[in-house]
Amino acid sequence: MFQNIGLIAKRGDAQVKDCLEVLVDFLRERHLNIVLDAPSARLLSQTDLNVAANTEALGIHCDLIIVIGGDGTLLQAARLLAKHDVCLLGINLGRLGFLTDIYPTEIEKYLGEILDGAFLEEDRFLIYAEVYRDKHCLSYCNALNDIVIHRGTMSHMLTFDTIINGHFVNCQRADGLVVATPTGSTAYALSAGGPLIHPSLNALVLVTICPHTLSSRPLVVDGDSCIQITVAHDQIGEAQLNGDGVLCHTLMPGDSVVIEKRQCIRLIHPQGHDHYATLRAKLDWSKAV
């Protein structure tokens, strides 16, 4: 099933080394080809391991990438590897673990089953943002969770227009706007009051951050929509564009951000994975009232 296994580990986490050693030993016992990214390889004492030049090289040479860390580590890997037809599996060393759903103590049980072909696979799409100024594209970024336009260090609200598929939607004053995928509906969008969207749906959600008007509500649109956000020309100060929490670009008055669905990743889960069970566990729905 999977013969070439890439390993990416979270940096600066004390638990990573032990987990990585267990994982390497387990994979070697099955005589699989292992390739690590350079930071992960430096955590280990073995010197006979294959090391990739960069994360994208793993996508070229591997058919399964195992990410050790939290959701943030997997998000970063997904953004870099989305252009490659590769599967991602997460070992959870983080806090929530909506995407990384195998714990270190479960490696031998679940990873063995997955390597034997017993797993669930689902496609998760990413979104792509391009920044335009005077009709020239200045920069771009992608995100698995969300693209966020916010007021940055400004002490006052941000004014912006929203256009969807060429149709004007509204002009808002707020701290910003979250454009999230179904994967990202459990992240910033949820904190800002957005709905939970099942990951199988082809949809995007627009959630305004601290809007000036009480009539502002989250808006769910078709996943194939083209969303354009334009910072008001009379806006004072600079706004910011973030992809999955990473600063992508500083926005000036009049700048436009065009957001569309682009690329997918293949996320691997153990058999029996239940999205609703994950929600219950991570959002404390199972607590008695």
# chains A, B, ... in the order shown; residues from 1 in each chain; ligands from 1
call {"tool": "residues_around", "arguments": {"residues": "A:Gln228", "least_positions_apart": "3", "cutoff": "12 Å", "atoms": "only C-alpha atoms", "output": "ChimeraX atom specification"}}
result
/A:128-132,147,149,160-171,177,179,206,225,231,255-260
call {"tool": "closest_atom_pairs", "arguments": {"of": "stretch 119-150 of chain A", "to": "stretch 181-197 of chain A", "cutoff": "7 Å", "atoms": "only C-alpha atoms", "output": "JSON lines"}}
result
{"residue": "A:Leu144", "atom": "CA", "partner": "A:Thr183", "partner_atom": "CA", "distance": 6.9}
{"residue": "A:Asn145", "atom": "CA", "partner": "A:Gly184", "partner_atom": "CA", "distance": 3.7}
{"residue": "A:Asp146", "atom": "CA", "partner": "A:Gly184", "partner_atom": "CA", "distance": 5.6}
call {"tool": "write_last_selection", "arguments": {"atoms": "C-alpha atoms", "output": "tab-separated table (two decimals), in the first residue's frame"}}
result
chain	number	residue	atom	x	y	z
A	144	LEU	CA	-6.27	24.65	4.61
A	145	ASN	CA	-8.17	26.33	7.44
A	146	ASP	CA	-8.80	29.96	6.61
call {"tool": "residues_around", "arguments": {"residues": "stretch 66-70 of chain A", "least_positions_apart": "4", "cutoff": "8 Å", "atoms": "only C-alpha atoms", "output": "list in words"}}
result
Ile5, Gly6, Leu7, Ile8, Ala9, Lys10, Val16, Cys19, Leu20, Leu74, Ala77, Leu88, Leu89, Gly90, Ile91, Asn92, Leu93, Gly94, Arg95, Leu96, Gly97 and Thr100 of chain A
call {"tool": "select_by_dssp", "arguments": {"residues": "stretch 199-278 of chain A", "states": "strand (DSSP E or B)", "output": "ChimeraX atom specification"}}
result
/A:203-209,219-222,227-231,239-243,246-251,256-270
call {"tool": "closest_residue", "arguments": {"among": "A:Leu251, A:Phe98, A:His136, A:Gln271", "to": "A:Leu283", "atoms": "only C-alpha atoms"}}
result
A:Phe98
call {"tool": "atom_distance", "arguments": {"atom1": "atom CA of A:Asp63", "atom2": "atom CA of A:Ser200"}}
result
22.7 Å
call {"tool": "residues_around", "arguments": {"residues": "stretch 110-119 of chain A", "least_positions_apart": "4", "cutoff": "10 Å", "atoms": "only C-alpha atoms", "output": "list of chain:residue names"}}
result
A:Met1, A:Phe2, A:Gln3, A:Leu23, A:Phe26, A:Leu27, A:Arg30, A:Leu32, A:Leu64, A:Ile66, A:Leu89, A:Ile91, A:Ile102, A:Tyr103, A:Thr105, A:Glu106, A:Ile268, A:His269, A:Pro270, A:Gln271, A:Gly272, A:His273
call {"tool": "write_last_selection", "arguments": {"atoms": "N, CA and C atoms", "output": "short mmCIF file (atom, residue, chain, number, x, y, z; two decimals), in the first residue's frame"}}
result
data_model
loop_
_atom_site.label_atom_id
_atom_site.label_comp_id
_atom_site.auth_asym_id
_atom_site.auth_seq_id
_atom_site.Cartn_x
_atom_site.Cartn_y
_atom_site.Cartn_z
N MET A 1 0.84 -1.20 0.00
CA MET A 1 0.00 0.00 0.00
C MET A 1 0.87 1.25 0.00
N PHE A 2 1.52 1.55 1.14
CA PHE A 2 2.46 2.66 1.23
C PHE A 2 3.87 2.09 1.41
N GLN A 3 4.80 2.50 0.55
CA GLN A 3 6.16 2.00 0.62
C GLN A 3 7.18 3.07 1.01
N LEU A 23 8.45 5.75 16.09
CA LEU A 23 7.90 5.67 14.74
C LEU A 23 8.92 5.11 13.75
N PHE A 26 9.40 1.40 14.32
CA PHE A 26 8.22 0.66 13.87
C PHE A 26 8.23 0.49 12.35
N LEU A 27 8.56 1.56 11.65
CA LEU A 27 8.56 1.52 10.19
C LEU A 27 9.71 0.66 9.66
N ARG A 30 9.05 -2.97 9.48
CA ARG A 30 8.21 -3.35 8.34
C ARG A 30 8.95 -3.18 7.01
N LEU A 32 10.15 -0.59 5.43
CA LEU A 32 9.66 0.50 4.59
C LEU A 32 10.75 1.55 4.38
N LEU A 64 3.14 8.59 1.46
CA LEU A 64 2.48 8.88 2.73
C LEU A 64 3.41 9.76 3.56
N ILE A 66 3.78 11.29 7.36
CA ILE A 66 3.30 11.25 8.73
C ILE A 66 3.81 12.50 9.44
N LEU A 89 -1.00 11.88 7.32
CA LEU A 89 -1.49 11.24 8.54
C LEU A 89 -0.89 11.98 9.72
N ILE A 91 0.04 12.45 13.83
CA ILE A 91 0.23 11.94 15.20
C ILE A 91 0.10 13.13 16.13
N ILE A 102 -4.27 10.56 15.86
CA ILE A 102 -3.66 9.38 16.48
C ILE A 102 -2.71 9.85 17.58
N TYR A 103 -2.86 9.30 18.77
CA TYR A 103 -1.98 9.65 19.88
C TYR A 103 -0.74 8.76 19.87
N THR A 105 0.60 6.83 21.96
CA THR A 105 0.39 5.50 22.53
C THR A 105 -0.39 4.58 21.58
N GLU A 106 -0.95 5.15 20.52
CA GLU A 106 -1.76 4.35 19.59
C GLU A 106 -1.04 4.05 18.28
N ILE A 268 -5.61 10.96 5.89
CA ILE A 268 -5.80 9.57 6.29
C ILE A 268 -6.23 9.50 7.75
N HIS A 269 -7.25 8.67 8.02
CA HIS A 269 -7.73 8.42 9.38
C HIS A 269 -7.75 6.91 9.65
N PRO A 270 -7.66 6.52 10.92
CA PRO A 270 -7.85 5.09 11.24
C PRO A 270 -9.28 4.67 10.92
N GLN A 271 -9.48 3.39 10.66
CA GLN A 271 -10.84 2.89 10.48
C GLN A 271 -11.65 3.15 11.74
N GLY A 272 -12.90 3.50 11.56
CA GLY A 272 -13.74 3.81 12.70
C GLY A 272 -13.71 5.27 13.09
N HIS A 273 -12.91 6.07 12.37
CA HIS A 273 -12.88 7.50 12.65
C HIS A 273 -14.28 8.08 12.49
#
call {"tool": "closest_residue", "arguments": {"among": "A:Ile236, A:Ile60, A:Ala53, A:Leu81", "to": "A:Gln263", "atoms": "only C-alpha atoms"}}
result
A:Leu81
call {"tool": "select_by_dssp", "arguments": {"residues": "stretch 27-185 of chain A", "states": "helix (DSSP H, G or I)", "output": "number ranges by chain"}}
result
A: 27-29, 38-41, 55-61, 71-81, 104-115, 183-185
call {"tool": "decode", "arguments": {"residues": "stretch 158-207 of chain A", "atoms": "C-alpha atoms", "output": "PDB file, in the first residue's frame"}}
result
ATOM      1  CA  LEU A 158     -11.445  48.106   9.121  1.00  0.00           C
ATOM      2  CA  THR A 159     -13.820  49.089   6.323  1.00  0.00           C
ATOM      3  CA  PHE A 160     -14.106  46.682   3.378  1.00  0.00           C
ATOM      4  CA  ASP A 161     -16.402  45.595   0.543  1.00  0.00           C
ATOM      5  CA  THR A 162     -17.309  41.975  -0.207  1.00  0.00           C
ATOM      6  CA  ILE A 163     -18.127  40.744  -3.715  1.00  0.00           C
ATOM      7  CA  ILE A 164     -19.058  37.106  -4.456  1.00  0.00           C
ATOM      8  CA  ASN A 165     -19.032  35.820  -8.036  1.00  0.00           C
ATOM      9  CA  GLY A 166     -19.176  39.399  -9.304  1.00  0.00           C
ATOM     10  CA  HIS A 167     -22.160  40.338  -7.126  1.00  0.00           C
ATOM     11  CA  PHE A 168     -21.781  43.049  -4.490  1.00  0.00           C
ATOM     12  CA  VAL A 169     -22.717  41.652  -1.065  1.00  0.00           C
ATOM     13  CA  ASN A 170     -22.060  44.434   1.436  1.00  0.00           C
ATOM     14  CA  CYS A 171     -19.761  47.069   2.870  1.00  0.00           C
ATOM     15  CA  GLN A 172     -18.765  46.403   6.459  1.00  0.00           C
ATOM     16  CA  ARG A 173     -16.895  47.981   9.325  1.00  0.00           C
ATOM     17  CA  ALA A 174     -15.362  45.367  11.594  1.00  0.00           C
ATOM     18  CA  ASP A 175     -12.115  44.043  13.030  1.00  0.00           C
ATOM     19  CA  GLY A 176     -11.854  41.791   9.986  1.00  0.00           C
ATOM     20  CA  LEU A 177     -13.252  38.865   8.042  1.00  0.00           C
ATOM     21  CA  VAL A 178     -12.569  35.113   8.176  1.00  0.00           C
ATOM     22  CA  VAL A 179     -13.053  33.087   4.988  1.00  0.00           C
ATOM     23  CA  ALA A 180     -12.909  29.448   6.093  1.00  0.00           C
ATOM     24  CA  THR A 181     -13.090  26.014   4.525  1.00  0.00           C
ATOM     25  CA  PRO A 182     -15.128  23.250   6.200  1.00  0.00           C
ATOM     26  CA  THR A 183     -11.827  22.114   7.752  1.00  0.00           C
ATOM     27  CA  GLY A 184     -11.331  25.612   9.170  1.00  0.00           C
ATOM     28  CA  SER A 185     -14.892  25.898  10.467  1.00  0.00           C
ATOM     29  CA  THR A 186     -13.643  24.470  13.797  1.00  0.00           C
ATOM     30  CA  ALA A 187     -10.835  27.039  14.028  1.00  0.00           C
ATOM     31  CA  TYR A 188     -10.910  30.875  13.986  1.00  0.00           C
ATOM     32  CA  ALA A 189     -14.333  30.892  12.305  1.00  0.00           C
ATOM     33  CA  LEU A 190     -15.824  28.960  15.216  1.00  0.00           C
ATOM     34  CA  SER A 191     -14.306  31.359  17.753  1.00  0.00           C
ATOM     35  CA  ALA A 192     -15.796  34.276  15.810  1.00  0.00           C
ATOM     36  CA  GLY A 193     -19.282  32.729  15.984  1.00  0.00           C
ATOM     37  CA  GLY A 194     -19.402  30.784  12.736  1.00  0.00           C
ATOM     38  CA  PRO A 195     -21.182  27.470  12.112  1.00  0.00           C
ATOM     39  CA  LEU A 196     -19.627  24.021  12.083  1.00  0.00           C
ATOM     40  CA  ILE A 197     -19.514  22.656   8.531  1.00  0.00           C
ATOM     41  CA  HIS A 198     -19.077  18.960   7.831  1.00  0.00           C
ATOM     42  CA  PRO A 199     -15.754  18.406   6.014  1.00  0.00           C
ATOM     43  CA  SER A 200     -17.464  16.531   3.171  1.00  0.00           C
ATOM     44  CA  LEU A 201     -19.370  19.644   2.060  1.00  0.00           C
ATOM     45  CA  ASN A 202     -18.249  21.854  -0.806  1.00  0.00           C
ATOM     46  CA  ALA A 203     -18.765  25.147   0.990  1.00  0.00           C
ATOM     47  CA  LEU A 204     -17.041  28.253   2.303  1.00  0.00           C
ATOM     48  CA  VAL A 205     -18.074  30.313   5.303  1.00  0.00           C
ATOM     49  CA  LEU A 206     -17.552  34.059   5.716  1.00  0.00           C
ATOM     50  CA  VAL A 207     -17.491  35.182   9.346  1.00  0.00           C
TER      51      VAL A 207
END
